[in-house]
>>> print(open('final21.txt').read())   # compact mmCIF, C-alpha atoms and all ligand atoms
# COMPACT_ATOMS: atom_id res chain seq x y z
CA MET A 1067 50.88 -47.67 30.88
CA TYR A 1068 52.43 -48.93 34.07
CA ASN A 1069 51.39 -49.24 37.72
CA THR A 1070 52.89 -47.19 40.52
CA LYS A 1071 52.20 -46.95 44.26
CA ALA A 1072 50.45 -43.89 45.63
CA TYR A 1073 48.37 -42.49 48.50
CA SER A 1074 44.86 -41.34 47.69
CA ALA A 1075 41.63 -40.21 49.36
CA VAL A 1076 38.36 -41.65 48.05
CA SER A 1077 36.02 -39.02 49.51
CA GLU A 1078 36.16 -35.69 51.32
CA THR A 1079 35.85 -37.42 54.69
CA SER A 1080 38.25 -40.32 54.04
CA PRO A 1081 41.84 -40.39 55.25
CA LEU A 1082 44.60 -40.85 52.67
CA SER A 1083 45.57 -44.49 52.21
CA SER A 1084 47.72 -46.75 50.07
CA THR A 1085 46.64 -47.52 46.50
CA THR A 1086 47.98 -48.29 43.02
CA ILE A 1087 47.58 -45.88 40.10
CA LYS A 1088 48.42 -45.92 36.41
CA ARG A 1089 50.92 -43.64 34.71
CA ARG A 1090 51.52 -43.30 30.96
CA ASN A 1091 54.73 -44.66 29.46
CA PRO A 1092 56.96 -41.69 28.54
CA THR A 1093 56.14 -40.33 25.08
CA GLU A 1094 58.84 -38.57 23.05
CA HIS A 1095 58.74 -35.28 25.03
CA ASP A 1096 58.24 -36.87 28.45
CA VAL A 1097 60.49 -37.30 31.45
CA GLN A 1098 59.85 -40.10 33.95
CA ILE A 1099 60.89 -39.23 37.50
CA GLU A 1100 61.31 -41.45 40.55
CA ILE A 1101 59.88 -39.26 43.32
CA LEU A 1102 62.22 -38.95 46.32
CA PHE A 1103 60.44 -36.23 48.33
CA CYS A 1104 57.05 -34.52 48.11
CA GLY A 1105 56.03 -31.53 50.22
CA ILE A 1106 52.60 -31.23 51.85
CA CYS A 1107 50.96 -27.96 50.82
CA HIS A 1108 47.83 -26.66 52.55
CA SER A 1109 46.26 -26.72 49.05
CA ASP A 1110 46.57 -30.53 49.19
CA LEU A 1111 44.44 -30.49 52.33
CA HIS A 1112 41.90 -28.00 50.90
CA SER A 1113 41.57 -30.26 47.82
CA VAL A 1114 41.42 -33.61 49.65
CA ARG A 1115 38.63 -32.24 51.86
CA ASN A 1116 36.89 -30.52 48.92
CA GLU A 1117 37.02 -27.18 50.76
CA TRP A 1118 37.08 -25.25 47.47
CA SER A 1119 34.05 -27.14 46.10
CA GLU A 1120 32.45 -23.98 44.71
CA PHE A 1121 35.48 -22.97 42.61
CA GLU A 1122 37.58 -26.09 42.11
CA PRO A 1123 35.57 -29.22 42.99
CA THR A 1124 37.57 -32.35 43.75
CA THR A 1125 37.25 -35.52 41.67
CA TYR A 1126 37.82 -38.69 43.72
CA PRO A 1127 39.98 -40.59 44.17
CA ILE A 1128 42.50 -37.78 44.52
CA VAL A 1129 46.27 -38.24 44.72
CA PRO A 1130 47.58 -34.87 45.93
CA GLY A 1131 51.13 -33.49 45.93
CA HIS A 1132 52.68 -30.71 43.83
CA GLU A 1133 56.04 -30.17 45.51
CA ILE A 1134 57.92 -32.97 43.80
CA VAL A 1135 61.64 -33.62 43.67
CA GLY A 1136 63.29 -36.77 42.38
CA ARG A 1137 65.62 -38.45 39.94
CA VAL A 1138 65.06 -38.94 36.22
CA THR A 1139 64.69 -42.63 35.36
CA GLN A 1140 63.77 -42.46 31.66
CA VAL A 1141 63.37 -39.83 28.93
CA GLY A 1142 61.55 -39.75 25.57
CA SER A 1143 63.49 -39.63 22.28
CA ALA A 1144 62.95 -35.87 21.76
CA VAL A 1145 63.93 -34.81 25.29
CA THR A 1146 67.01 -32.59 25.30
CA LYS A 1147 67.26 -31.04 28.77
CA TYR A 1148 67.29 -34.16 30.97
CA LYS A 1149 68.90 -37.58 31.04
CA PRO A 1150 68.50 -40.57 33.38
CA GLY A 1151 70.18 -39.89 36.73
CA ASP A 1152 69.55 -36.12 36.74
CA LEU A 1153 67.79 -34.47 39.67
CA ALA A 1154 64.49 -32.86 38.67
CA ALA A 1155 61.51 -31.10 40.22
CA VAL A 1156 57.84 -30.71 39.28
CA GLY A 1157 55.54 -28.10 40.80
CA CYS A 1158 51.84 -27.31 40.42
CA LEU A 1159 51.65 -27.41 36.62
CA VAL A 1160 52.19 -30.29 34.18
CA ASP A 1161 50.84 -28.74 30.97
CA SER A 1162 49.37 -25.63 29.32
CA ASP A 1163 48.30 -24.73 25.76
CA GLY A 1164 51.64 -23.08 24.95
CA THR A 1165 49.94 -20.75 22.46
CA CYS A 1166 48.05 -18.12 24.48
CA LEU A 1167 49.53 -14.70 25.26
CA ASN A 1168 50.24 -15.72 28.86
CA CYS A 1169 52.09 -18.89 27.86
CA LYS A 1170 54.10 -16.92 25.28
CA ALA A 1171 55.12 -14.58 28.09
CA GLY A 1172 56.24 -17.51 30.27
CA LEU A 1173 53.17 -17.15 32.47
CA GLU A 1174 51.80 -20.69 32.16
CA ASN A 1175 50.38 -20.15 35.65
CA PHE A 1176 47.78 -17.84 34.08
CA CYS A 1177 47.04 -19.97 30.99
CA PRO A 1178 43.28 -20.62 30.72
CA ASN A 1179 44.07 -24.15 29.56
CA GLN A 1180 46.70 -25.00 32.17
CA ILE A 1181 46.74 -28.56 33.56
CA LEU A 1182 47.44 -28.82 37.27
CA THR A 1183 49.56 -31.65 38.65
CA TYR A 1184 46.52 -33.21 40.34
CA ASN A 1185 42.72 -33.00 40.08
CA ALA A 1186 42.82 -31.73 36.47
CA PRO A 1187 41.75 -33.47 33.24
CA ASP A 1188 44.40 -35.99 32.12
CA LYS A 1189 44.44 -35.81 28.32
CA HIS A 1190 46.72 -38.86 28.04
CA LEU A 1191 44.92 -41.46 30.17
CA GLY A 1192 41.49 -39.89 30.72
CA GLY A 1193 40.20 -39.20 34.22
CA VAL A 1194 42.19 -36.75 36.32
CA THR A 1195 45.88 -36.10 36.87
CA TYR A 1196 47.52 -37.67 39.92
CA GLY A 1197 50.08 -35.82 42.02
CA GLY A 1198 53.26 -36.51 43.89
CA TYR A 1199 52.21 -38.69 46.84
CA SER A 1200 53.42 -41.52 44.64
CA ASP A 1201 56.49 -43.49 43.53
CA SER A 1202 56.90 -41.95 40.11
CA ILE A 1203 55.46 -39.42 37.67
CA VAL A 1204 55.69 -38.77 33.93
CA VAL A 1205 55.76 -35.11 32.83
CA ASP A 1206 56.40 -33.19 29.61
CA GLU A 1207 59.95 -31.82 29.83
CA ARG A 1208 58.65 -28.23 29.45
CA PHE A 1209 57.23 -28.53 32.97
CA VAL A 1210 60.28 -30.18 34.56
CA LEU A 1211 62.70 -27.99 36.52
CA ARG A 1212 66.44 -28.25 37.14
CA VAL A 1213 67.50 -28.61 40.78
CA PRO A 1214 70.67 -26.84 41.99
CA SER A 1215 73.10 -29.56 43.12
CA ASN A 1216 74.21 -27.81 46.34
CA LEU A 1217 70.84 -27.88 48.13
CA ASN A 1218 69.27 -30.37 50.56
CA LEU A 1219 66.74 -32.31 48.48
CA ALA A 1220 63.95 -32.54 51.08
CA GLY A 1221 64.23 -28.77 51.55
CA VAL A 1222 64.06 -28.18 47.78
CA ALA A 1223 60.66 -29.87 47.27
CA PRO A 1224 58.61 -27.02 48.85
CA LEU A 1225 60.36 -24.45 46.66
CA VAL A 1226 58.32 -25.42 43.59
CA CYS A 1227 55.04 -24.36 45.23
CA ALA A 1228 55.57 -22.49 48.53
CA GLY A 1229 58.79 -20.98 47.15
CA ILE A 1230 57.60 -19.72 43.78
CA THR A 1231 54.22 -18.58 45.15
CA THR A 1232 55.96 -16.15 47.49
CA TYR A 1233 58.93 -15.25 45.24
CA SER A 1234 56.81 -14.32 42.20
CA PRO A 1235 54.63 -11.56 43.74
CA MET A 1236 57.64 -10.09 45.54
CA ARG A 1237 59.50 -9.80 42.25
CA HIS A 1238 56.40 -8.51 40.46
CA TRP A 1239 55.83 -5.75 43.03
CA GLY A 1240 59.49 -4.76 43.11
CA ILE A 1241 60.57 -5.75 46.60
CA THR A 1242 64.08 -4.42 47.19
CA LYS A 1243 66.24 -2.91 49.91
CA GLY A 1244 64.43 -0.10 51.69
CA LYS A 1245 60.91 -1.53 51.32
CA LYS A 1246 58.86 -2.45 54.37
CA VAL A 1247 57.28 -5.86 53.77
CA GLY A 1248 54.75 -7.74 55.91
CA VAL A 1249 54.19 -11.49 55.79
CA VAL A 1250 50.92 -12.69 57.30
CA GLY A 1251 50.91 -16.31 58.58
CA LEU A 1252 54.09 -18.23 59.34
CA GLY A 1253 53.41 -21.60 57.72
CA GLY A 1254 54.84 -23.20 54.59
CA LEU A 1255 54.31 -20.21 52.30
CA GLY A 1256 54.90 -17.60 55.00
CA HIS A 1257 58.30 -18.88 56.07
CA MET A 1258 59.48 -18.89 52.44
CA GLY A 1259 58.10 -15.36 52.06
CA VAL A 1260 60.21 -14.25 55.01
CA LYS A 1261 63.35 -15.84 53.55
CA PHE A 1262 62.85 -14.21 50.13
CA ALA A 1263 61.90 -10.76 51.46
CA HIS A 1264 65.00 -10.85 53.67
CA ALA A 1265 67.22 -12.04 50.79
CA LEU A 1266 65.86 -9.20 48.61
CA GLY A 1267 66.94 -6.72 51.30
CA ALA A 1268 63.54 -5.63 52.64
CA HIS A 1269 62.64 -4.76 56.24
CA VAL A 1270 60.47 -7.76 57.12
CA VAL A 1271 57.64 -7.89 59.66
CA VAL A 1272 55.89 -11.18 60.40
CA PHE A 1273 52.25 -11.25 61.55
CA THR A 1274 51.38 -14.44 63.38
CA THR A 1275 48.60 -15.85 65.53
CA SER A 1276 51.16 -18.17 67.18
CA PRO A 1277 53.30 -16.28 69.75
CA ASP A 1278 55.57 -19.35 70.10
CA LYS A 1279 56.78 -18.84 66.49
CA THR A 1280 58.40 -15.47 67.35
CA GLU A 1281 61.98 -16.71 67.81
CA ASP A 1282 61.79 -18.81 64.66
CA ALA A 1283 60.50 -15.84 62.68
CA LEU A 1284 63.52 -13.77 63.71
CA ARG A 1285 65.89 -16.66 62.88
CA LEU A 1286 64.23 -17.04 59.43
CA GLY A 1287 64.99 -13.40 58.61
CA ALA A 1288 62.23 -11.24 60.11
CA ASP A 1289 63.25 -7.89 61.60
CA GLN A 1290 60.10 -7.63 63.72
CA VAL A 1291 57.27 -9.95 64.77
CA VAL A 1292 53.72 -8.86 65.57
CA VAL A 1293 51.22 -11.13 67.30
CA SER A 1294 48.20 -10.21 65.22
CA ARG A 1295 45.64 -10.72 67.99
CA ASN A 1296 47.24 -7.77 69.84
CA ALA A 1297 45.42 -4.65 68.52
CA ASP A 1298 47.91 -2.20 70.09
CA GLU A 1299 50.87 -3.87 68.42
CA MET A 1300 49.01 -3.86 65.10
CA HIS A 1301 48.14 -0.19 65.43
CA LYS A 1302 51.80 0.82 65.82
CA HIS A 1303 52.33 -0.19 62.17
CA ALA A 1304 49.30 1.67 60.72
CA GLY A 1305 49.92 3.23 57.28
CA SER A 1306 53.56 2.09 57.08
CA PHE A 1307 53.89 -0.90 54.72
CA ASP A 1308 54.86 -0.86 51.05
CA PHE A 1309 53.77 -4.47 50.56
CA ILE A 1310 52.02 -7.20 52.54
CA LEU A 1311 51.90 -10.85 51.48
CA ASP A 1312 48.90 -12.64 53.00
CA THR A 1313 49.39 -16.43 53.19
CA VAL A 1314 46.54 -17.26 55.58
CA SER A 1315 44.60 -20.43 54.70
CA ALA A 1316 41.35 -19.55 56.53
CA LYS A 1317 38.89 -16.70 57.06
CA HIS A 1318 40.47 -13.65 58.73
CA ASP A 1319 40.09 -9.87 58.82
CA LEU A 1320 41.70 -8.37 55.71
CA ASN A 1321 40.88 -4.80 56.72
CA ALA A 1322 43.22 -5.07 59.72
CA TYR A 1323 46.09 -5.56 57.23
CA LEU A 1324 44.91 -3.16 54.50
CA ASN A 1325 44.98 -0.40 57.13
CA LEU A 1326 48.70 -1.04 57.65
CA LEU A 1327 49.52 -0.09 54.02
CA ARG A 1328 50.95 3.33 53.18
CA LEU A 1329 49.81 5.46 50.21
CA ASP A 1330 49.69 3.23 47.10
CA GLY A 1331 50.71 0.21 49.14
CA ASN A 1332 49.81 -3.29 47.93
CA LEU A 1333 48.41 -6.30 49.74
CA THR A 1334 48.71 -9.51 47.71
CA LEU A 1335 46.62 -12.51 48.65
CA VAL A 1336 48.18 -15.88 48.04
CA GLY A 1337 46.35 -17.73 50.81
CA VAL A 1338 43.07 -19.18 49.55
CA SER A 1339 40.45 -18.97 52.27
CA PRO A 1340 37.59 -21.33 51.35
CA VAL A 1341 35.12 -18.59 52.37
CA PRO A 1342 35.07 -15.07 50.85
CA LEU A 1343 36.79 -12.27 52.78
CA ASP A 1344 35.10 -8.90 53.46
CA VAL A 1345 36.75 -5.67 52.29
CA ALA A 1346 35.58 -2.29 53.59
CA ALA A 1347 35.80 0.37 50.86
CA PHE A 1348 37.36 2.76 53.37
CA SER A 1349 40.29 0.37 53.90
CA LEU A 1350 41.26 1.01 50.26
CA ILE A 1351 40.14 4.52 49.38
CA VAL A 1352 41.79 6.49 52.18
CA ALA A 1353 45.30 5.77 50.89
CA ARG A 1354 44.73 4.67 47.25
CA ARG A 1355 45.64 1.16 48.37
CA ASN A 1356 45.72 -1.92 46.14
CA LEU A 1357 44.45 -5.42 46.81
CA SER A 1358 45.88 -8.13 44.51
CA GLY A 1359 46.18 -11.86 44.13
CA SER A 1360 48.86 -14.14 42.74
CA ASN A 1361 48.89 -17.75 41.55
CA ILE A 1362 52.17 -19.75 41.86
CA GLY A 1363 54.52 -18.60 39.04
CA GLY A 1364 55.43 -19.38 35.44
CA ILE A 1365 58.00 -22.02 34.49
CA PRO A 1366 60.84 -19.59 33.57
CA GLU A 1367 60.40 -17.70 36.85
CA THR A 1368 60.22 -20.97 38.81
CA GLN A 1369 63.60 -21.93 37.34
CA GLU A 1370 64.93 -18.44 38.15
CA MET A 1371 63.72 -18.88 41.75
CA LEU A 1372 65.42 -22.30 42.06
CA ASP A 1373 68.67 -20.85 40.72
CA PHE A 1374 68.33 -17.89 43.14
CA CYS A 1375 67.92 -20.43 45.97
CA GLY A 1376 71.02 -22.28 44.78
CA GLU A 1377 73.05 -19.05 44.82
CA HIS A 1378 71.74 -17.87 48.19
CA ASN A 1379 71.59 -21.33 49.81
CA ILE A 1380 67.86 -21.06 50.46
CA THR A 1381 65.69 -24.12 51.16
CA ALA A 1382 62.53 -24.71 53.17
CA ASP A 1383 62.73 -25.65 56.86
CA VAL A 1384 61.20 -29.09 56.79
CA GLU A 1385 59.89 -31.85 59.03
CA VAL A 1386 60.45 -35.02 57.02
CA ILE A 1387 57.82 -37.71 57.65
CA PRO A 1388 57.08 -41.20 56.31
CA ILE A 1389 53.92 -41.32 54.20
CA GLN A 1390 52.20 -43.39 56.91
CA LYS A 1391 52.09 -40.17 59.00
CA VAL A 1392 50.39 -38.06 56.33
CA ASN A 1393 46.94 -37.97 57.98
CA GLU A 1394 48.52 -36.91 61.27
CA ALA A 1395 50.40 -34.16 59.44
CA TYR A 1396 47.10 -32.89 57.97
CA GLU A 1397 45.60 -32.62 61.45
CA ARG A 1398 48.61 -30.63 62.60
CA LEU A 1399 48.38 -28.36 59.53
CA VAL A 1400 44.81 -27.43 60.47
CA LYS A 1401 46.13 -26.35 63.90
CA SER A 1402 48.96 -24.24 62.37
CA ASP A 1403 51.34 -26.71 64.02
CA VAL A 1404 53.94 -26.92 61.26
CA LYS A 1405 57.60 -25.88 61.34
CA TYR A 1406 57.51 -25.07 58.56
CA ARG A 1407 56.75 -27.63 55.88
CA PHE A 1408 55.98 -31.33 56.14
CA VAL A 1409 57.83 -33.25 53.44
CA ILE A 1410 57.16 -36.91 52.72
CA ASP A 1411 60.18 -39.18 52.32
CA MET A 1412 58.83 -41.26 49.45
CA ALA A 1413 61.11 -44.20 50.25
CA SER A 1414 58.51 -44.98 52.94
CA LEU A 1415 55.97 -45.83 50.23
CA LYS A 1416 58.04 -48.81 49.07
CA SER A 1417 57.07 -50.82 52.17
CA GLU A 1418 53.31 -50.48 51.44
P1 LIG B 1 50.12 -23.52 56.21
O1 LIG B 1 51.49 -24.08 56.20
O2 LIG B 1 49.03 -24.25 56.91
O3 LIG B 1 50.23 -22.00 56.78
C1 LIG B 1 49.14 -21.17 56.93
C2 LIG B 1 49.40 -20.25 58.12
O4 LIG B 1 48.34 -19.30 58.21
C3 LIG B 1 49.38 -20.95 59.47
O5 LIG B 1 50.61 -21.55 59.81
C4 LIG B 1 49.03 -19.82 60.41
O6 LIG B 1 50.20 -19.05 60.68
C5 LIG B 1 48.09 -18.97 59.56
N1 LIG B 1 46.68 -19.24 59.87
C6 LIG B 1 46.02 -20.43 59.73
N2 LIG B 1 44.74 -20.31 60.10
C7 LIG B 1 44.56 -19.02 60.47
C8 LIG B 1 43.45 -18.25 60.92
N3 LIG B 1 42.24 -18.82 61.10
N4 LIG B 1 43.64 -16.94 61.18
C9 LIG B 1 44.84 -16.36 61.02
N5 LIG B 1 45.94 -17.03 60.60
C10 LIG B 1 45.80 -18.34 60.32
O7 LIG B 1 49.59 -23.32 54.72
P2 LIG B 1 50.43 -23.05 53.36
O8 LIG B 1 50.76 -24.36 52.74
O9 LIG B 1 51.47 -22.06 53.64
O10 LIG B 1 49.29 -22.41 52.45
C11 LIG B 1 48.68 -21.19 52.83
C12 LIG B 1 47.53 -20.87 51.90
O11 LIG B 1 48.05 -20.55 50.61
C13 LIG B 1 46.54 -22.02 51.67
O12 LIG B 1 45.23 -21.49 51.60
C14 LIG B 1 46.95 -22.59 50.33
O13 LIG B 1 45.91 -23.23 49.67
C15 LIG B 1 47.37 -21.31 49.62
N6 LIG B 1 48.26 -21.50 48.47
C16 LIG B 1 48.10 -20.63 47.44
C17 LIG B 1 48.95 -20.70 46.36
C18 LIG B 1 48.79 -19.72 45.24
O14 LIG B 1 49.34 -19.96 44.18
N7 LIG B 1 48.14 -18.60 45.47
C19 LIG B 1 49.95 -21.68 46.32
C20 LIG B 1 50.09 -22.52 47.40
C21 LIG B 1 49.24 -22.44 48.50
P3 LIG B 1 50.49 -18.45 62.16
O15 LIG B 1 50.57 -19.64 63.06
O16 LIG B 1 51.78 -17.74 61.98
O17 LIG B 1 49.35 -17.52 62.47
ZN ZN B 2 50.90 -25.75 46.93
>>> encode(input="final21.txt", output="structure tokens")
Amino acid sequence: MYNTKAYSAVSETSPLSSTTIKRRNPTEHDVQIEILFCGICHSDLHSVRNEWSEFEPTTYPIVPGHEIVGRVTQVGSAVTKYKPGDLAAVGCLVDSDGTCLNCKAGLENFCPNQILTYNAPDKHLGGVTYGGYSDSIVVDERFVLRVPSNLNLAGVAPLVCAGITTYSPMRHWGITKGKKVGVVGLGGLGHMGVKFAHALGAHVVVFTTSPDKTEDALRLGADQVVVSRNADEMHKHAGSFDFILDTVSAKHDLNAYLNLLRLDGNLTLVGVSPVPLDVAAFSLIVARRNLSGSNIGGIPETQEMLDFCGEHNITADVEVIPIQKVNEAYERLVKSDVKYRFVIDMASLKSE
């Protein structure tokens, strides 16, 4: 065991502040990574504030962070894919049973025994796992990802959550040239969704509550932007979408979007509103519409997504902050004031 610096919250009403945590020494299959950048996902905020208490209660203290990129500092004797000095990334998962049907299909993200990067049982040290708002992390090499060398590192960090969470459902539902795709909410996930839908050749429409994001949406790859509070603008798109990706982090009207789907169209929820959303049966039955959900992505597909980003030069648009500004960033996230992902420069933790 060794000590490493981190930022944690001790209760659902406490700000994040400096602390010291313990990490295991690398065992034979482990990779130790010095964390260079860690993205701030809205899930970090939901968890820190225990907003999902009914489904995924938070154990305190919590060290959030599951958009990790860094450099390998040490590897166990059985590690074959990484060596000290390599770039590496870690997303939302650090372990799974490896034996269930989902794991065998490379869908560790649907393993019933998956271990999340933070706020999950830590079978090595006891207590819960601690995430990436920290100096270093130790992870089984099966859950470590290769980082394309041509990409900006701060912009890579969000790919391993915001990136894969939007890439995976678009691949699953066959987004290609000729499809009309909607992306609801232009935040961390939404802006990656726009980039991927555009790269896959779709006609992309962004739905936003923030009119001032219109120009950015077009620059990110949207073909059209709809301010969702404008009922007339919404109505113009009725019954026309093949696929809509909903990334909204709070309660909102799903029926307004379901009604925009064509026959057999699909709306996939990736945003996790802390309160249940109402669905009117008519929104679905009148056009045999489908409502789905999706949870991050498996490890093989996450690597595929990173390689795709390397080939297409795709990274997140980031605002890099020192860790001392993390509580301020959370306040801005609540107000949808993010363009389009906060990423912590972990060098700032060294001065704590
Ligand atoms: P984010 O950066 O805060 O973006 C969310 C966006 O949703 C906002 O920028 C805003 O976009 C829109 N929005 C926020 N409140 C709204 C409201 N009351 N009504 C309508 N629109 C609203 O968050 P994120 O990091 O992208 O995460 C989004 C959600 O996905 C969170 O709930 C997070 O927990 C979840 N998530 C799920 C997975 C998964 O595997 N399924 C993975 C990661 C995150 P506009 O300003 O454009 O309206
Ligand atoms: Zn996330």
>>> atom_distance(input="final21.txt", atom1="CA of Lys1302 in chain A", atom2="CA of Lys1243 in chain A")
21.8 Å
>>> atom_distance(input="final21.txt", atom1="CA of Ala1155 in chain A", atom2="CA of Val1194 in chain A")
20.5 Å
>>> residues_near_ligand(input="final21.txt", ligand="ligand LIG 1 (chain B)", cutoff="7 Å", atoms="all atoms listed in the file", output="number ranges by chain")
A: 1107-1109, 1112, 1227-1228, 1231, 1250-1256, 1273-1276, 1279, 1313-1318, 1336-1339, 1360-1362, 1399-1400, 1402-1404, 1406-1407
>>> atom_distance(input="final21.txt", atom1="CA of Gly1259 in chain A", atom2="CA of Ile1351 in chain A")
26.9 Å
>>> closest_residue(input="final21.txt", among="A:Thr1093, A:Thr1183, A:Ser1119, A:Ser1414", to="ligand ZN 2 (chain B)", atoms="all atoms listed in the file")
A:Thr1183
>>> closest_residue(input="final21.txt", among="A:Val1272, A:Val1076, A:Ala1223, A:Ile1101", to="ligand ZN 2 (chain B)", atoms="all atoms listed in the file")
A:Ala1223
>>> closest_residue(input="final21.txt", among="A:Arg1212, A:Lys1391, A:His1095, A:Arg1354", to="Leu1153 in chain A", atoms="all atoms listed in the file")
A:Arg1212
>>> closest_residue(input="final21.txt", among="A:Ile1387, A:Cys1158, A:Ala1283, A:Cys1177", to="ligand ZN 2 (chain B)", atoms="all atoms listed in the file")
A:Cys1158
